[in-house]
$ cat entry.cif   # mmCIF, C-alpha atoms and all ligand atoms
data_final
#
loop_
_atom_site.label_atom_id
_atom_site.label_comp_id
_atom_site.auth_asym_id
_atom_site.auth_seq_id
_atom_site.Cartn_x
_atom_site.Cartn_y
_atom_site.Cartn_z
CA MET A 1 118.05 46.88 96.34
CA PRO A 2 117.83 50.58 95.44
CA ARG A 3 114.72 52.33 96.68
CA THR A 4 112.51 53.99 94.13
CA LEU A 5 111.82 57.56 95.11
CA PRO A 6 108.23 58.69 94.62
CA LEU A 7 107.84 61.17 91.78
CA ALA A 8 107.10 64.70 92.89
CA LYS A 9 103.57 65.74 92.08
CA THR A 10 103.49 68.57 89.54
CA THR A 11 100.57 70.94 89.36
CA ASP A 12 99.97 73.09 86.31
CA PRO A 13 98.98 76.57 87.48
CA LEU A 14 96.77 76.92 84.41
CA ASP A 15 94.67 73.91 85.41
CA GLY A 16 92.18 75.98 87.35
CA VAL A 17 91.85 78.83 84.82
CA GLU A 18 89.04 77.34 82.80
CA ARG A 19 87.00 76.56 85.88
CA ARG A 20 87.63 79.82 87.71
CA LEU A 21 87.36 82.26 84.84
CA GLY A 22 85.19 80.36 82.42
CA MET A 23 87.89 81.07 79.83
CA PRO A 24 89.57 78.37 77.71
CA ARG A 25 93.28 78.04 78.49
CA ARG A 26 94.22 79.01 74.91
CA ASP A 27 92.21 82.24 75.11
CA PHE A 28 93.72 82.96 78.50
CA MET A 29 97.25 82.72 77.06
CA LYS A 30 96.31 85.03 74.20
CA PHE A 31 94.84 87.46 76.69
CA CYS A 32 98.09 87.37 78.70
CA ALA A 33 100.03 88.13 75.50
CA GLY A 34 97.77 91.15 74.99
CA LEU A 35 98.36 92.38 78.54
CA ALA A 36 102.12 91.95 78.11
CA ALA A 37 102.00 94.03 74.93
CA ALA A 38 99.90 96.69 76.65
CA MET A 39 102.63 96.97 79.30
CA GLY A 40 105.24 97.41 76.59
CA LEU A 41 106.68 93.90 77.10
CA SER A 42 107.40 91.37 74.36
CA GLN A 43 105.37 88.26 73.55
CA ALA A 44 107.96 86.28 75.54
CA ALA A 45 106.57 87.84 78.72
CA ALA A 46 103.16 86.20 78.25
CA PRO A 47 104.03 83.11 80.36
CA ALA A 48 105.24 85.35 83.19
CA VAL A 49 101.96 87.27 83.04
CA ALA A 50 100.02 84.00 83.09
CA GLN A 51 102.10 82.80 86.03
CA ALA A 52 101.46 85.99 87.96
CA LEU A 53 97.73 85.88 87.25
CA THR A 54 97.41 82.27 88.32
CA THR A 55 99.85 81.88 91.19
CA ALA A 56 100.83 85.26 92.66
CA LYS A 57 99.44 86.06 96.08
CA ARG A 58 96.36 88.16 95.50
CA PRO A 59 97.00 91.65 96.84
CA SER A 60 94.47 92.94 99.33
CA VAL A 61 92.59 95.94 97.94
CA ILE A 62 90.75 98.54 100.00
CA TRP A 63 88.45 100.51 97.65
CA LEU A 64 86.99 103.80 98.89
CA HIS A 65 84.14 105.81 97.35
CA PHE A 66 83.69 109.54 97.71
CA GLN A 67 82.25 112.18 95.33
CA GLU A 68 81.46 110.24 92.16
CA CYS A 69 78.77 108.33 90.29
CA THR A 70 80.24 104.81 90.79
CA GLY A 71 80.83 104.69 87.04
CA CYS A 72 84.40 103.51 87.65
CA SER A 73 83.18 100.41 89.47
CA GLU A 74 80.36 99.97 86.95
CA SER A 75 82.78 100.03 84.03
CA LEU A 76 84.83 97.28 85.66
CA LEU A 77 81.80 95.14 86.34
CA ARG A 78 80.06 95.64 83.01
CA ALA A 79 83.03 94.59 80.88
CA GLU A 80 82.08 91.49 78.95
CA HIS A 81 84.98 89.92 77.19
CA PRO A 82 86.97 88.03 78.32
CA THR A 83 85.03 88.15 81.55
CA LEU A 84 87.14 91.02 82.78
CA GLU A 85 85.33 91.43 86.07
CA LYS A 86 86.03 87.79 86.90
CA LEU A 87 89.67 88.28 86.08
CA ILE A 88 89.94 91.40 88.21
CA LEU A 89 88.12 89.85 91.14
CA ASP A 90 90.33 86.77 90.73
CA VAL A 91 93.57 88.73 90.62
CA ILE A 92 92.89 90.93 93.63
CA SER A 93 91.38 90.26 97.01
CA LEU A 94 88.74 92.97 97.21
CA ASP A 95 88.46 93.23 100.98
CA TYR A 96 86.51 96.47 101.24
CA HIS A 97 84.28 98.03 98.58
CA GLU A 98 81.21 99.87 99.83
CA THR A 99 78.96 99.18 96.86
CA LEU A 100 79.96 95.53 96.34
CA MET A 101 80.40 94.09 99.82
CA ALA A 102 77.51 92.41 101.58
CA ALA A 103 78.46 93.84 104.95
CA ALA A 104 77.05 97.18 106.12
CA GLY A 105 77.51 99.58 109.01
CA HIS A 106 79.81 98.40 111.82
CA GLN A 107 80.46 95.09 110.06
CA ALA A 108 81.82 96.91 107.01
CA GLU A 109 84.05 99.14 109.13
CA GLU A 110 85.37 96.08 110.96
CA ALA A 111 86.14 94.36 107.65
CA ARG A 112 88.15 97.38 106.50
CA LEU A 113 90.14 97.62 109.72
CA ALA A 114 90.76 93.86 109.81
CA ALA A 115 92.02 93.81 106.19
CA MET A 116 94.27 96.81 106.82
CA ALA A 117 95.74 95.23 109.97
CA ALA A 118 96.26 91.83 108.32
CA ASN A 119 97.98 93.35 105.28
CA LYS A 120 99.74 96.30 106.85
CA GLY A 121 102.15 97.88 104.38
CA GLN A 122 101.06 95.52 101.62
CA TYR A 123 97.55 96.40 100.57
CA ILE A 124 96.62 98.56 97.59
CA LEU A 125 94.36 101.52 98.30
CA VAL A 126 92.08 102.39 95.39
CA VAL A 127 90.19 105.67 95.69
CA GLU A 128 87.18 106.40 93.49
CA GLY A 129 85.77 109.92 93.63
CA ALA A 130 86.95 113.36 94.64
CA ILE A 131 87.36 114.39 98.27
CA PRO A 132 85.23 117.31 99.46
CA THR A 133 87.33 119.68 101.52
CA GLY A 134 84.75 122.49 101.93
CA GLN A 135 83.41 123.17 105.44
CA ASN A 136 86.06 120.93 106.97
CA GLY A 137 84.90 117.96 104.94
CA ALA A 138 81.33 118.00 106.24
CA PHE A 139 79.93 117.12 102.78
CA CYS A 140 80.96 113.45 103.03
CA LYS A 141 81.19 111.31 106.14
CA ILE A 142 81.47 107.53 106.34
CA GLY A 143 81.43 105.69 109.66
CA GLY A 144 81.61 109.05 111.45
CA LYS A 145 84.81 110.07 109.64
CA THR A 146 85.19 112.68 106.94
CA ALA A 147 86.49 111.59 103.53
CA ILE A 148 89.68 113.51 104.33
CA GLU A 149 90.25 111.54 107.55
CA LEU A 150 89.38 108.25 105.91
CA VAL A 151 91.68 108.58 102.91
CA LYS A 152 94.59 109.65 105.12
CA GLU A 153 93.99 106.77 107.53
CA CYS A 154 93.81 104.17 104.76
CA ALA A 155 96.78 105.56 102.83
CA ALA A 156 99.10 105.52 105.86
CA ASP A 157 99.88 101.79 105.63
CA ALA A 158 99.17 101.16 101.92
CA ALA A 159 101.86 99.75 99.63
CA ALA A 160 100.43 101.81 96.76
CA VAL A 161 97.64 104.30 96.21
CA ILE A 162 95.68 104.31 92.95
CA ALA A 163 93.28 107.14 92.13
CA ILE A 164 90.77 105.62 89.73
CA GLY A 165 88.64 107.87 87.53
CA SER A 166 88.99 111.57 86.83
CA CYS A 167 87.26 112.61 90.08
CA ALA A 168 89.93 110.99 92.27
CA SER A 169 92.72 111.83 89.82
CA TRP A 170 92.19 115.58 89.53
CA GLY A 171 88.73 116.47 90.83
CA GLY A 172 86.80 115.60 87.67
CA MET A 173 83.15 116.44 87.33
CA PRO A 174 82.48 117.31 91.03
CA SER A 175 85.24 119.93 90.88
CA THR A 176 83.60 121.81 88.01
CA SER A 177 83.64 125.56 88.63
CA PRO A 178 82.55 127.01 91.06
CA ASN A 179 83.24 123.75 92.95
CA PRO A 180 81.03 124.51 95.98
CA THR A 181 82.15 121.43 97.96
CA GLY A 182 85.87 121.99 97.40
CA ALA A 183 86.15 118.67 95.53
CA SER A 184 89.85 117.78 95.46
CA PRO A 185 92.09 115.02 94.11
CA VAL A 186 93.63 112.32 96.30
CA SER A 187 97.17 113.59 95.67
CA GLU A 188 96.26 116.98 97.11
CA ILE A 189 94.82 115.47 100.30
CA LEU A 190 97.82 113.17 100.80
CA GLY A 191 100.31 115.86 99.80
CA LYS A 192 102.14 113.52 97.43
CA PRO A 193 101.73 112.18 93.89
CA VAL A 194 99.70 109.01 93.42
CA LEU A 195 99.14 106.75 90.42
CA THR A 196 96.11 108.01 88.50
CA ILE A 197 93.86 106.23 86.01
CA PRO A 198 91.63 109.07 84.79
CA GLY A 199 88.61 108.79 82.53
CA CYS A 200 84.95 109.28 83.29
CA PRO A 201 84.72 106.36 83.50
CA PRO A 202 88.23 105.04 83.03
CA ASN A 203 88.89 102.06 80.81
CA PRO A 204 88.89 98.92 83.02
CA TYR A 205 91.76 97.38 81.03
CA ASN A 206 94.03 100.20 82.12
CA PHE A 207 93.30 99.36 85.76
CA LEU A 208 93.80 95.64 85.19
CA THR A 209 97.05 96.18 83.28
CA THR A 210 98.35 98.41 86.08
CA VAL A 211 97.61 95.73 88.70
CA VAL A 212 99.15 93.01 86.53
CA HIS A 213 102.26 95.16 86.01
CA TYR A 214 102.56 95.39 89.79
CA LEU A 215 102.17 91.61 90.15
CA VAL A 216 104.56 90.66 87.33
CA LEU A 217 107.31 93.23 87.82
CA GLY A 218 106.82 94.07 91.49
CA LYS A 219 106.53 97.79 90.83
CA LEU A 220 104.11 100.31 89.42
CA PRO A 221 104.39 101.25 85.73
CA GLU A 222 106.16 104.33 84.41
CA LEU A 223 104.05 107.45 84.96
CA ASP A 224 103.72 110.80 83.23
CA SER A 225 103.75 114.17 84.98
CA LYS A 226 100.07 113.76 85.89
CA GLY A 227 100.64 110.34 87.50
CA ARG A 228 99.17 108.40 84.56
CA PRO A 229 100.74 105.14 83.29
CA THR A 230 102.46 106.01 80.03
CA PHE A 231 101.48 102.66 78.49
CA ALA A 232 97.91 103.95 78.42
CA TYR A 233 98.18 107.74 78.43
CA GLY A 234 101.40 108.32 76.48
CA ARG A 235 99.78 109.30 73.20
CA LEU A 236 97.21 111.81 72.12
CA ILE A 237 93.85 110.42 71.07
CA HIS A 238 94.36 112.37 67.86
CA GLU A 239 97.40 110.17 67.04
CA ASN A 240 95.35 106.97 66.87
CA CYS A 241 91.93 108.24 65.80
CA GLU A 242 90.26 106.48 62.89
CA ARG A 243 89.01 109.87 61.63
CA ARG A 244 92.50 111.34 61.48
CA ALA A 245 92.78 111.01 57.71
CA HIS A 246 89.72 113.27 57.41
CA PHE A 247 91.35 115.84 59.71
CA ASP A 248 94.50 115.84 57.59
CA ALA A 249 92.46 116.16 54.42
CA GLY A 250 90.37 119.01 55.84
CA ARG A 251 87.09 117.06 55.91
CA PHE A 252 85.08 118.10 58.96
CA ALA A 253 81.55 117.55 60.26
CA THR A 254 80.25 121.01 61.12
CA GLU A 255 76.83 120.07 62.52
CA PHE A 256 75.47 116.91 64.08
CA GLY A 257 73.68 115.02 61.32
CA ASP A 258 75.18 116.93 58.41
CA GLU A 259 76.69 115.15 55.43
CA GLY A 260 80.19 115.14 56.94
CA HIS A 261 78.90 113.73 60.21
CA ARG A 262 77.05 110.97 58.42
CA GLN A 263 80.17 110.20 56.37
CA GLY A 264 82.24 109.74 59.53
CA TRP A 265 84.40 112.81 59.00
CA CYS A 266 86.55 114.48 61.65
CA LEU A 267 84.71 115.98 64.66
CA TYR A 268 87.26 118.72 65.39
CA LYS A 269 84.85 121.50 64.43
CA LEU A 270 82.22 120.02 66.77
CA GLY A 271 84.67 120.48 69.66
CA CYS A 272 86.56 117.17 69.68
CA LYS A 273 89.33 117.39 72.31
CA GLY A 274 91.32 114.49 70.86
CA PRO A 275 94.14 116.85 69.81
CA GLU A 276 94.79 117.83 73.45
CA THR A 277 93.80 114.67 75.32
CA TYR A 278 96.12 111.79 76.19
CA ALA A 279 94.45 108.35 76.35
CA ASN A 280 94.28 105.02 74.51
CA CYS A 281 90.49 105.03 73.90
CA PRO A 282 90.73 104.60 70.09
CA SER A 283 93.19 101.72 70.44
CA ILE A 284 91.48 99.54 73.02
CA LEU A 285 87.84 100.70 72.85
CA PHE A 286 85.24 100.27 75.58
CA GLY A 287 83.00 97.47 76.71
CA ASP A 288 84.11 94.98 74.06
CA VAL A 289 80.80 95.42 72.29
CA GLY A 290 82.21 95.71 68.81
CA THR A 291 83.09 98.34 66.29
CA GLY A 292 82.98 102.02 67.12
CA SER A 293 82.60 101.58 70.87
CA TRP A 294 84.37 104.72 71.99
CA PRO A 295 83.06 108.31 72.07
CA VAL A 296 84.39 109.46 68.69
CA GLY A 297 83.50 106.07 67.19
CA THR A 298 79.86 106.68 68.10
CA GLY A 299 79.90 110.08 66.43
CA HIS A 300 80.37 112.33 69.48
CA PRO A 301 83.43 114.52 69.95
CA CYS A 302 85.84 113.49 72.71
CA ILE A 303 85.22 115.80 75.69
CA GLY A 304 88.73 115.22 77.10
CA CYS A 305 87.50 113.30 80.13
CA THR A 306 90.99 111.94 80.94
CA GLU A 307 92.68 115.32 80.78
CA LYS A 308 92.91 117.77 83.67
CA GLY A 309 92.10 121.26 82.46
CA VAL A 310 90.14 119.95 79.46
CA GLY A 311 87.35 117.60 80.60
CA PHE A 312 84.68 119.39 82.68
CA ALA A 313 86.72 122.58 82.30
CA LYS A 314 86.38 123.56 78.63
CA PRO A 315 82.98 123.82 76.96
CA ILE A 316 82.19 120.56 75.16
CA HIS A 317 81.80 122.17 71.74
CA ALA A 318 84.64 124.72 72.00
CA LEU A 319 87.55 124.14 69.61
CA ALA A 320 90.44 122.12 71.04
CA GLU A 321 93.95 123.41 71.38
CA LEU A 322 96.07 121.66 68.78
CA LEU A 323 99.09 120.45 70.74
CA THR A 324 101.02 118.79 67.95
CA VAL A 325 99.27 119.59 64.72
CA THR A 326 97.61 122.28 62.70
CA PRO A 327 95.03 121.44 60.07
CA PRO A 328 96.85 121.63 56.74
CA THR A 329 95.36 123.83 54.07
CA GLN A 330 96.22 121.35 51.34
CA PHE A 331 98.50 118.47 52.32
CA ALA A 332 99.24 116.49 55.48
CA ARG A 333 102.53 117.32 57.14
CA PRO A 334 105.13 114.61 56.47
CA ALA A 335 105.92 113.97 60.15
CA GLU A 336 104.29 114.74 63.50
CA ASN A 337 105.55 114.63 67.08
CA GLN A 338 104.49 111.35 68.64
CA GLY A 339 104.01 110.27 72.24
CA LYS A 340 105.01 107.04 73.92
CA GLY A 341 102.78 104.06 74.67
CA SER A 342 100.76 101.62 72.66
CA THR A 343 99.72 102.63 69.19
CA LEU A 344 97.02 101.21 67.03
CA ALA A 345 99.80 99.49 65.09
CA THR A 346 101.32 97.76 68.13
CA VAL A 347 97.95 96.64 69.41
CA ALA A 348 97.04 95.39 65.94
CA THR A 349 100.30 93.43 65.78
CA VAL A 350 99.36 91.67 69.00
CA ALA A 351 95.98 90.92 67.54
CA ALA A 352 97.59 89.38 64.49
CA VAL A 353 99.94 87.28 66.61
CA GLY A 354 97.52 86.32 69.34
CA GLY A 355 94.23 86.52 67.53
CA LEU A 356 92.65 88.11 70.58
CA ALA A 357 93.74 90.93 72.82
CA ILE A 358 92.07 93.68 74.73
CA GLY A 359 89.27 94.40 72.36
CA VAL A 360 91.53 94.29 69.36
CA GLY A 361 89.34 92.01 67.32
CA ALA A 362 86.63 94.61 67.61
CA ARG A 363 89.11 97.36 66.79
CA LEU A 364 90.25 95.76 63.58
CA ALA A 365 86.70 94.96 62.55
CA LYS A 366 85.79 98.55 63.12
CA ASN A 367 88.56 99.78 60.91
CA LEU A 368 87.40 97.56 58.12
CA GLY A 369 83.76 98.47 58.68
CA ASN A 370 84.52 102.15 58.69
CA GLN A 371 85.91 102.21 55.19
CA PRO A 372 83.52 104.31 53.15
CA ASP A 373 82.37 102.68 49.92
CA GLU A 374 83.73 105.55 47.93
CA PRO A 375 86.15 107.90 49.66
CA PRO A 376 84.99 111.49 49.28
CA ALA A 377 87.14 113.46 46.90
CA ALA A 378 89.76 115.70 48.49
CA GLY A 379 88.49 119.22 48.66
CA ASP A 380 84.92 118.20 49.48
CA GLY A 381 85.50 119.21 53.08
CA LYS A 382 84.10 122.32 54.61
FE1 LIG B 401 81.72 108.43 87.81
FE2 LIG B 401 84.04 107.30 89.00
FE3 LIG B 401 83.22 109.74 86.32
FE4 LIG B 401 84.10 110.10 88.60
O1 LIG B 401 84.34 107.32 87.34
S1 LIG B 401 82.28 107.79 85.73
S2 LIG B 401 81.94 110.66 87.96
S3 LIG B 401 85.40 109.79 86.89
O2 LIG B 401 84.73 108.79 89.89
O3 LIG B 401 82.25 107.12 89.17
FE1 LIG B 402 89.69 112.19 65.65
FE2 LIG B 402 88.93 114.25 67.09
FE3 LIG B 402 91.36 114.23 65.98
FE4 LIG B 402 89.20 114.52 64.46
S1 LIG B 402 89.95 115.98 66.03
S2 LIG B 402 90.94 113.17 64.09
S3 LIG B 402 87.69 113.22 65.49
S4 LIG B 402 90.60 112.86 67.58
FE1 LIG B 403 87.01 110.36 77.45
FE2 LIG B 403 87.65 111.32 75.12
FE3 LIG B 403 88.28 108.87 75.70
S1 LIG B 403 85.77 111.73 76.22
S2 LIG B 403 86.60 108.24 77.04
S3 LIG B 403 89.04 110.69 76.68
S4 LIG B 403 87.58 109.62 73.75
#
$ encode --input "entry.cif" --output "structure tokens"
Amino acid sequence: MPRTLPLAKTTDPLDGVERRLGMPRRDFMKFCAGLAAAMGLSQAAAPAVAQALTTAKRPSVIWLHFQECTGCSESLLRAEHPTLEKLILDVISLDYHETLMAAAGHQAEEARLAAMAANKGQYILVVEGAIPTGQNGAFCKIGGKTAIELVKECAADAAAVIAIGSCASWGGMPSTSPNPTGASPVSEILGKPVLTIPGCPPNPYNFLTTVVHYLVLGKLPELDSKGRPTFAYGRLIHENCERRAHFDAGRFATEFGDEGHRQGWCLYKLGCKGPETYANCPSILFGDVGTGSWPVGTGHPCIGCTEKGVGFAKPIHALAELLTVTPPTQFARPAENQGKGSTLATVATVAAVGGLAIGVGARLAKNLGNQPDEPPAAGDGK
């Protein structure tokens, strides 16, 4: 008599998603579709993203803090929808993070050394904050080591180094002239380029998408000349700004609270650095709190916080350099140079297909909500 072989047990990797992330499976799949689109992949890649998020071995992450305000960590932890901080903490194994770990003193140092030894050559080093090089690094010591010694020690056996925030990426706010502490970027200390995710603070989705790219494709994303992933920093803010039509029509706010400002007109004359700053802020917004949740959306000019040589370097209300455009005297130019990376249109397409993706619902709502009842007549601008 033939023997009946027992059926192999199958386990659905998505089974635990609802419990672990508090996110319905359907929403999780839509979210994965959004991440795939953000990486420049097609909708067909969504299952691979879901697979990587649910089954890939969680990479060990050593997270160092130096000269900064902890806003990078705060922005990751304060994201609301869809429980981003849970997703990040689920996707990575955060083995050392000075402001989040319970351990202190010698215990904390031991945890760092143990994680580095156990994951030699495989862990990701994330650095938040600039590194003070003045007076031989005496401005910042942790566990008896200077920031310079610590970052070199941790980078030696890392699989990848990520500089998160503008401080770690290019010096940021602590490096503002005259830079008395010699605040320097990670790349300068290590003497080699590193992946950077600038912004003060950076958008947490750009960090998550970078990590997911690493998990799904086994490599870091394509970078620009400043080490930034092109999926997030490939286009000027000015290319995707909801106020762009006002710029092209010559309608500018010239004072905070004036008629143009209240009408939502372009903030170029108030010093907006969107025309010389590369970032996806207008496409993916911040904090998932709804319409207008990015600097220009709230009525303040972009200060260029993601851009070396602009943020914390140029006066906030000084006029921006126009990298690709000049304000037309009468008509918009028929075509402009465009960067690479996600556009409002591509993100909106994902929203239409998936119904939910990286703050897109809020983005679309904002666009609708921002329509003035009666568009001001051309020529009203100042
Ligand atoms: Fe703060 Fe991070 Fe700014 Fe710097 O973000 S938000 S000062 S970029 O390193 O903590
Ligand atoms: Fe938007 Fe600023 Fe460009 Fe005006 S100058 S369109 S506010 S990015
Ligand atoms: Fe920074 Fe400008 Fe975006 S100030 S957050 S780069 S809109």
$ residues_around --input "entry.cif" --residues "stretch 38-55 of chain A" --least-positions-apart "2" --cutoff "9 Å" --atoms "only C-alpha atoms" --output "PyMOL selection string"
chain A and resi 13-14+16-17+28-36+57-58+87+90-91+206+209-210+212-213+215-216+221+231-232+341-342+346-347+350+353+358
$ residues_around --input "entry.cif" --residues "A:Cys281" --least-positions-apart "2" --cutoff "12 Å" --atoms "only C-alpha atoms" --output "ChimeraX atom specification"
/A:198-206,232-242,274,277-279,283-288,292-297,302,304-306,342-344,358-360,363
$ axis_aligned_box --input "entry.cif" --around "ligand LIG 403 (chain B)" --padding-each-side "5 Å" --output "JSON"
{"center_x": 87.4, "center_y": 110.0, "center_z": 75.6, "size_x": 13.3, "size_y": 13.5, "size_z": 13.7}
$ atom_distance --input "entry.cif" --atom1 "atom CA of A:Gly144" --atom2 "atom CA of A:Gly182"
19.6 Å
$ closest_residue --input "entry.cif" --among "A:Pro229, A:Val194, A:Tyr96, A:Gly172" --to "ligand LIG 403 (chain B)" --atoms "all atoms listed in the file"
A:Gly172
$ residues_near_ligand --input "entry.cif" --ligand "ligand LIG 401 (chain B)" --cutoff "10 Å" --atoms "only C-alpha atoms and all ligand atoms" --output "mmCIF file with C-alpha atoms, in the frame of the given file"
data_model
loop_
_atom_site.group_PDB
_atom_site.id
_atom_site.type_symbol
_atom_site.label_atom_id
_atom_site.label_comp_id
_atom_site.auth_asym_id
_atom_site.auth_seq_id
_atom_site.Cartn_x
_atom_site.Cartn_y
_atom_site.Cartn_z
ATOM 1 C CA HIS A 65 84.140 105.810 97.350
ATOM 2 C CA PHE A 66 83.690 109.540 97.710
ATOM 3 C CA GLN A 67 82.250 112.180 95.330
ATOM 4 C CA GLU A 68 81.460 110.240 92.160
ATOM 5 C CA CYS A 69 78.770 108.330 90.290
ATOM 6 C CA THR A 70 80.240 104.810 90.790
ATOM 7 C CA GLY A 71 80.830 104.690 87.040
ATOM 8 C CA CYS A 72 84.400 103.510 87.650
ATOM 9 C CA SER A 73 83.180 100.410 89.470
ATOM 10 C CA GLU A 74 80.360 99.970 86.950
ATOM 11 C CA SER A 75 82.780 100.030 84.030
ATOM 12 C CA VAL A 127 90.190 105.670 95.690
ATOM 13 C CA GLU A 128 87.180 106.400 93.490
ATOM 14 C CA GLY A 129 85.770 109.920 93.630
ATOM 15 C CA ALA A 130 86.950 113.360 94.640
ATOM 16 C CA ALA A 163 93.280 107.140 92.130
ATOM 17 C CA ILE A 164 90.770 105.620 89.730
ATOM 18 C CA GLY A 165 88.640 107.870 87.530
ATOM 19 C CA SER A 166 88.990 111.570 86.830
ATOM 20 C CA CYS A 167 87.260 112.610 90.080
ATOM 21 C CA ALA A 168 89.930 110.990 92.270
ATOM 22 C CA SER A 169 92.720 111.830 89.820
ATOM 23 C CA TRP A 170 92.190 115.580 89.530
ATOM 24 C CA GLY A 171 88.730 116.470 90.830
ATOM 25 C CA GLY A 172 86.800 115.600 87.670
ATOM 26 C CA MET A 173 83.150 116.440 87.330
ATOM 27 C CA PRO A 174 82.480 117.310 91.030
ATOM 28 C CA ILE A 197 93.860 106.230 86.010
ATOM 29 C CA PRO A 198 91.630 109.070 84.790
ATOM 30 C CA GLY A 199 88.610 108.790 82.530
ATOM 31 C CA CYS A 200 84.950 109.280 83.290
ATOM 32 C CA PRO A 201 84.720 106.360 83.500
ATOM 33 C CA PRO A 202 88.230 105.040 83.030
ATOM 34 C CA ASN A 203 88.890 102.060 80.810
ATOM 35 C CA CYS A 305 87.500 113.300 80.130
ATOM 36 C CA THR A 306 90.990 111.940 80.940
#
$ atom_distance --input "entry.cif" --atom1 "atom CA of A:Tyr123" --atom2 "atom CA of A:Gly227"
19.4 Å
$ atom_distance --input "entry.cif" --atom1 "atom CA of A:Gly311" --atom2 "atom CA of A:Ser177"
11.9 Å
$ closest_residue --input "entry.cif" --among "A:Glu259, A:Ile62, A:Leu267, A:Thr298" --to "A:Ala245" --atoms "only C-alpha atoms"
A:Leu267
$ residues_around --input "entry.cif" --residues "stretch 187-190 of chain A" --least-positions-apart "3" --cutoff "8 Å" --atoms "all atoms listed in the file" --output "list in words"
Ile131, Ile148, Val151, Lys152, Ala155, Ser169, Ser184, Pro193 and Val194 of chain A
$ write_last_selection --input "entry.cif" --atoms "C-alpha atoms" --output "compact mmCIF listing (two decimals), in the coordinates of the input"
# COMPACT_ATOMS: atom_id res chain seq x y z
CA ILE A 131 87.36 114.39 98.27
CA ILE A 148 89.68 113.51 104.33
CA VAL A 151 91.68 108.58 102.91
CA LYS A 152 94.59 109.65 105.12
CA ALA A 155 96.78 105.56 102.83
CA SER A 169 92.72 111.83 89.82
CA SER A 184 89.85 117.78 95.46
CA PRO A 193 101.73 112.18 93.89
CA VAL A 194 99.70 109.01 93.42
$ closest_residue --input "entry.cif" --among "A:Leu94, A:Leu322, A:Cys272, A:Ala118" --to "A:Gly299" --atoms "all atoms listed in the file"
A:Cys272
$ residues_near_point --input "entry.cif" --point "(79.1, 106.8, 105.8)" --cutoff "12 Å" --atoms "all atoms listed in the file" --output "number ranges by chain"
A: 64-66, 98-99, 104-106, 108-109, 138-147, 150
$ closest_residue --input "entry.cif" --among "A:Asn119, A:Thr133, A:Thr176, A:Leu220" --to "A:Lys314" --atoms "only C-alpha atoms"
A:Thr176
$ closest_residue --input "entry.cif" --among "A:Lys86, A:His300, A:Lys273, A:Lys120" --to "A:Gly22" --atoms "only C-alpha atoms"
A:Lys86
$ residues_around --input "entry.cif" --residues "stretch 158-162 of chain A" --least-positions-apart "5" --cutoff "6 Å" --atoms "all atoms listed in the file" --output "list in words"
Gly121, Gln122, Tyr123, Ile124, Leu125, Val126, Val194, Leu195 and Thr196 of chain A
